[in-house]
Amino acid sequence: MDRILVSGVSGPIGTAFLASFAAQGTRIVRLVRGRPQNAAQVSWDPLAQLSSSAVSGFDAVVHLAGESVVGRWTNEKRSAIRDSRVLGTRHLTAALAQCDAKPRVLVCASAVGFYGDRGDEVLGEKSPAGQGFLPEVCREWEDASRLAAEAGIRTVNIRIGMMLSAKGGALGKMLKPFKLGLGGRIGSGQQWWSWIHVDDIVGGIHHAMRTESLSGPVNFVAPNPVRNARFTKVLASVLGRPAFFRVPEFALRLAFGKQAAEEMLLASQRVEPGKLLASGYEFRFRELRAALENLVG
């Protein structure tokens, strides 16, 4: 694809995605806040309407922008999490739907938070949404992208699992205590964590852009989710550190707030990448130890 418009370029996924084009002739244009610095930037405010002329003429659009979910979920934080995703997606897709030259494909971020806390249930793309704040946000987020789909733009909602990157995300937050030998399982340790290496998120986005059969929700998780107790044990082993310290649930609720702790760290989501595998995507990192050794070993 010759011209691609990308939002959320400053995050770890956006940064890695842009780097994947370093040796190619593809022209990347970034959606940025504030005044554009050059012709490779388009100014936008996720909370305001966007001109269709500003986003016309692209072959593909990759929409990754959204307020970080990390932090205490005050009313202000919850509004920022929801509005940055739902309103930002709605304004972008409304502009794309009105373009004279529409993109062939829109790849729009979502998250496995869509499923909520589901215990040992195996979850696929056809599984219904769960209960709670994050499932509500993800459902509204995906619904907001329908404006593009209804305008004939192939739309792929990538439900991203726990991203593994040395430069951010959950793993980035965990590294310091584990390197100090203070890591360990979180709560009971029995909750399923559906993880994915950032390289497979990038590879999956490229795959989604070129695979015409993919549309709607697509789970972006590695084929082998693990329980939290296993995750923390493997991480400690890769770092050559012990993992004796259990983080009790009450401490998480104090640190993050009850709802954020329960929906982000204590929720169990055993998710399968059914549509990615069926469409022929070949994961670079299928096993947790190989992924962690690549990133922090």
# chains A, B, ... in the order shown; residues from 1 in each chain; ligands from 1
>>> residues_around(residues="Gln191 in chain A", least_positions_apart="6", cutoff="6 Å", atoms="only C-alpha atoms", output="list in words")
Arg227, Asn228 and Ser268 of chain A
>>> select_by_dssp(residues="range 186-237 of chain A", states="strand (DSSP E or B)", output="list in words")
Ile186, Trp192, Trp193, Trp195, Ile196, His197, Gly216, Pro217, Val218, Asn219, Phe220, Val226 and Arg227 of chain A
>>> write_last_selection(atoms="C-alpha atoms", output="PDB file, in the first residue's frame")
ATOM      1  CA  ILE A 186      -0.774 -11.123  41.366  1.00  0.00           C
ATOM      2  CA  TRP A 192      -5.599 -16.131  32.522  1.00  0.00           C
ATOM      3  CA  TRP A 193      -3.418 -13.542  30.787  1.00  0.00           C
ATOM      4  CA  TRP A 195      -0.473 -11.877  25.876  1.00  0.00           C
ATOM      5  CA  ILE A 196       1.085 -10.914  22.539  1.00  0.00           C
ATOM      6  CA  HIS A 197       4.566  -9.757  21.534  1.00  0.00           C
ATOM      7  CA  GLY A 216     -14.904  -7.207  12.072  1.00  0.00           C
ATOM      8  CA  PRO A 217     -13.360  -8.282  15.385  1.00  0.00           C
ATOM      9  CA  VAL A 218     -10.019 -10.126  15.246  1.00  0.00           C
ATOM     10  CA  ASN A 219      -8.312 -11.286  18.449  1.00  0.00           C
ATOM     11  CA  PHE A 220      -4.682 -10.159  18.607  1.00  0.00           C
ATOM     12  CA  VAL A 226      -1.005 -18.537  30.477  1.00  0.00           C
ATOM     13  CA  ARG A 227      -2.202 -18.077  34.012  1.00  0.00           C
TER      14      ARG A 227
END
>>> residues_around(residues="range 242-256 of chain A", least_positions_apart="2", cutoff="9 Å", atoms="only C-alpha atoms", output="PyMOL selection string")
chain A and resi 70-73+178+181-189+232-233+235-237+239-240+258-262+265-266
>>> write_last_selection(atoms="N, CA and C atoms", output="PDB file, in the first residue's frame")
ATOM      1  N   VAL A  70      -3.863   2.952  32.305  1.00  0.00           N
ATOM      2  CA  VAL A  70      -3.098   2.822  33.542  1.00  0.00           C
ATOM      3  C   VAL A  70      -3.333   4.042  34.420  1.00  0.00           C
ATOM      4  N   GLY A  71      -3.551   3.784  35.695  1.00  0.00           N
ATOM      5  CA  GLY A  71      -3.782   4.871  36.645  1.00  0.00           C
ATOM      6  C   GLY A  71      -5.107   4.677  37.371  1.00  0.00           C
ATOM      7  N   ARG A  72      -5.348   5.474  38.397  1.00  0.00           N
ATOM      8  CA  ARG A  72      -6.600   5.384  39.137  1.00  0.00           C
ATOM      9  C   ARG A  72      -7.742   5.897  38.269  1.00  0.00           C
ATOM     10  N   TRP A  73      -8.834   5.156  38.251  1.00  0.00           N
ATOM     11  CA  TRP A  73      -9.962   5.507  37.407  1.00  0.00           C
ATOM     12  C   TRP A  73     -10.891   6.488  38.120  1.00  0.00           C
ATOM     13  N   PHE A 178      10.513  -6.821  39.293  1.00  0.00           N
ATOM     14  CA  PHE A 178      11.031  -8.161  39.048  1.00  0.00           C
ATOM     15  C   PHE A 178      12.552  -8.170  38.997  1.00  0.00           C
ATOM     16  N   GLY A 181      14.007  -8.408  42.291  1.00  0.00           N
ATOM     17  CA  GLY A 181      13.678  -9.619  43.035  1.00  0.00           C
ATOM     18  C   GLY A 181      12.430  -9.499  43.867  1.00  0.00           C
ATOM     19  N   LEU A 182      11.577  -8.505  43.541  1.00  0.00           N
ATOM     20  CA  LEU A 182      10.376  -8.253  44.330  1.00  0.00           C
ATOM     21  C   LEU A 182       9.114  -8.688  43.593  1.00  0.00           C
ATOM     22  N   GLY A 183       9.271  -9.434  42.505  1.00  0.00           N
ATOM     23  CA  GLY A 183       8.116  -9.845  41.714  1.00  0.00           C
ATOM     24  C   GLY A 183       7.455 -11.094  42.252  1.00  0.00           C
ATOM     25  N   GLY A 184       6.279 -11.364  41.732  1.00  0.00           N
ATOM     26  CA  GLY A 184       5.541 -12.564  42.120  1.00  0.00           C
ATOM     27  C   GLY A 184       4.144 -12.508  41.547  1.00  0.00           C
ATOM     28  N   ARG A 185       3.391 -13.551  41.823  1.00  0.00           N
ATOM     29  CA  ARG A 185       2.043 -13.627  41.255  1.00  0.00           C
ATOM     30  C   ARG A 185       1.152 -12.521  41.796  1.00  0.00           C
ATOM     31  N   ILE A 186       0.157 -12.186  41.013  1.00  0.00           N
ATOM     32  CA  ILE A 186      -0.774 -11.123  41.366  1.00  0.00           C
ATOM     33  C   ILE A 186      -2.088 -11.732  41.820  1.00  0.00           C
ATOM     34  N   GLY A 187      -2.498 -11.424  43.034  1.00  0.00           N
ATOM     35  CA  GLY A 187      -3.718 -12.017  43.580  1.00  0.00           C
ATOM     36  C   GLY A 187      -3.577 -13.526  43.678  1.00  0.00           C
ATOM     37  N   SER A 188      -4.592 -14.256  43.240  1.00  0.00           N
ATOM     38  CA  SER A 188      -4.547 -15.715  43.296  1.00  0.00           C
ATOM     39  C   SER A 188      -3.565 -16.303  42.300  1.00  0.00           C
ATOM     40  N   GLY A 189      -3.262 -15.553  41.241  1.00  0.00           N
ATOM     41  CA  GLY A 189      -2.389 -16.056  40.192  1.00  0.00           C
ATOM     42  C   GLY A 189      -3.079 -16.993  39.222  1.00  0.00           C
ATOM     43  N   THR A 232       4.351 -14.869  35.719  1.00  0.00           N
ATOM     44  CA  THR A 232       5.324 -14.258  36.629  1.00  0.00           C
ATOM     45  C   THR A 232       6.497 -15.191  36.902  1.00  0.00           C
ATOM     46  N   LYS A 233       6.245 -16.491  36.930  1.00  0.00           N
ATOM     47  CA  LYS A 233       7.339 -17.458  37.138  1.00  0.00           C
ATOM     48  C   LYS A 233       8.301 -17.439  35.955  1.00  0.00           C
ATOM     49  N   LEU A 235       8.736 -14.967  33.751  1.00  0.00           N
ATOM     50  CA  LEU A 235       9.411 -13.672  33.698  1.00  0.00           C
ATOM     51  C   LEU A 235      10.580 -13.643  34.683  1.00  0.00           C
ATOM     52  N   ALA A 236      10.358 -14.099  35.906  1.00  0.00           N
ATOM     53  CA  ALA A 236      11.424 -14.125  36.905  1.00  0.00           C
ATOM     54  C   ALA A 236      12.571 -15.022  36.454  1.00  0.00           C
ATOM     55  N   SER A 237      12.249 -16.155  35.848  1.00  0.00           N
ATOM     56  CA  SER A 237      13.272 -17.078  35.365  1.00  0.00           C
ATOM     57  C   SER A 237      14.113 -16.445  34.265  1.00  0.00           C
ATOM     58  N   LEU A 239      14.674 -13.343  33.796  1.00  0.00           N
ATOM     59  CA  LEU A 239      15.492 -12.275  34.387  1.00  0.00           C
ATOM     60  C   LEU A 239      16.514 -12.808  35.385  1.00  0.00           C
ATOM     61  N   GLY A 240      16.437 -14.101  35.701  1.00  0.00           N
ATOM     62  CA  GLY A 240      17.351 -14.678  36.671  1.00  0.00           C
ATOM     63  C   GLY A 240      17.122 -14.186  38.080  1.00  0.00           C
ATOM     64  N   LYS A 258     -10.406   0.052  43.155  1.00  0.00           N
ATOM     65  CA  LYS A 258     -11.049  -1.262  43.087  1.00  0.00           C
ATOM     66  C   LYS A 258     -11.347  -1.689  41.656  1.00  0.00           C
ATOM     67  N   GLN A 259     -11.999  -0.824  40.883  1.00  0.00           N
ATOM     68  CA  GLN A 259     -12.447  -1.228  39.557  1.00  0.00           C
ATOM     69  C   GLN A 259     -11.279  -1.445  38.597  1.00  0.00           C
ATOM     70  N   ALA A 260     -10.315  -0.548  38.612  1.00  0.00           N
ATOM     71  CA  ALA A 260      -9.170  -0.682  37.715  1.00  0.00           C
ATOM     72  C   ALA A 260      -8.383  -1.951  38.023  1.00  0.00           C
ATOM     73  N   ALA A 261      -8.171  -2.239  39.306  1.00  0.00           N
ATOM     74  CA  ALA A 261      -7.428  -3.440  39.686  1.00  0.00           C
ATOM     75  C   ALA A 261      -8.160  -4.699  39.230  1.00  0.00           C
ATOM     76  N   GLU A 262      -9.477  -4.717  39.458  1.00  0.00           N
ATOM     77  CA  GLU A 262     -10.237  -5.921  39.138  1.00  0.00           C
ATOM     78  C   GLU A 262     -10.375  -6.142  37.637  1.00  0.00           C
ATOM     79  N   LEU A 265      -5.971  -6.199  36.162  1.00  0.00           N
ATOM     80  CA  LEU A 265      -4.952  -7.109  36.663  1.00  0.00           C
ATOM     81  C   LEU A 265      -5.499  -8.425  37.199  1.00  0.00           C
ATOM     82  N   LEU A 266      -6.729  -8.392  37.712  1.00  0.00           N
ATOM     83  CA  LEU A 266      -7.296  -9.587  38.327  1.00  0.00           C
ATOM     84  C   LEU A 266      -8.283 -10.308  37.420  1.00  0.00           C
TER      85      LEU A 266
END
>>> closest_residue(among="A:Ala170, A:Ala267, A:Ala151, A:Ala80", to="Val105 in chain A", atoms="only C-alpha atoms")
A:Ala151
>>> residues_around(residues="Ile160 in chain A", least_positions_apart="2", cutoff="6 Å", atoms="only C-alpha atoms", output="PyMOL selection string")
chain A and resi 111-112+158+220
>>> residues_around(residues="range 27-44 of chain A", least_positions_apart="6", cutoff="6 Å", atoms="only C-alpha atoms", output="PDB file with C-alpha atoms, in the first residue's frame")
ATOM      1  CA  ASP A   2       1.385   3.376  -1.044  1.00  0.00           C
ATOM      2  CA  ARG A   3      -0.160   5.795   1.482  1.00  0.00           C
ATOM      3  CA  ILE A   4      -1.138   4.947   5.067  1.00  0.00           C
ATOM      4  CA  LEU A   5      -2.641   7.244   7.695  1.00  0.00           C
ATOM      5  CA  VAL A   6      -1.790   6.336  11.309  1.00  0.00           C
ATOM      6  CA  SER A   7      -3.022   7.630  14.667  1.00  0.00           C
TER       7      SER A   7
END
>>> residues_around(residues="range 13-22 of chain A", least_positions_apart="2", cutoff="8 Å", atoms="only C-alpha atoms", output="list in words")
Val6, Ser7, Gly8, Val9, Ser10, Gly11, Gln24, Gly25, Thr26, Ile28, Leu64, Val198, Asp199, Ile201 and Val202 of chain A
>>> residues_around(residues="Arg284 in chain A", least_positions_apart="6", cutoff="10 Å", atoms="only C-alpha atoms", output="PDB file with C-alpha atoms, in the first residue's frame")
ATOM      1  CA  HIS A 197       4.566  -9.757  21.534  1.00  0.00           C
ATOM      2  CA  ASP A 199       6.234  -7.679  16.872  1.00  0.00           C
ATOM      3  CA  ASP A 200       3.181  -9.902  16.341  1.00  0.00           C
ATOM      4  CA  GLY A 203       2.886  -8.278  11.900  1.00  0.00           C
ATOM      5  CA  ALA A 222      -0.663 -15.348  21.015  1.00  0.00           C
ATOM      6  CA  ALA A 290      10.657 -17.087  23.746  1.00  0.00           C
ATOM      7  CA  ALA A 291       8.794 -13.763  23.708  1.00  0.00           C
TER       8      ALA A 291
END
>>> closest_residue(among="A:Leu180, A:Val296, A:Val271, A:Met174", to="Arg241 in chain A", atoms="only C-alpha atoms")
A:Leu180
>>> atom_distance(atom1="CA of Ser79 in chain A", atom2="CA of Val137 in chain A")
10.1 Å
>>> atom_distance(atom1="CA of Leu134 in chain A", atom2="CA of Gly257 in chain A")
14.3 Å
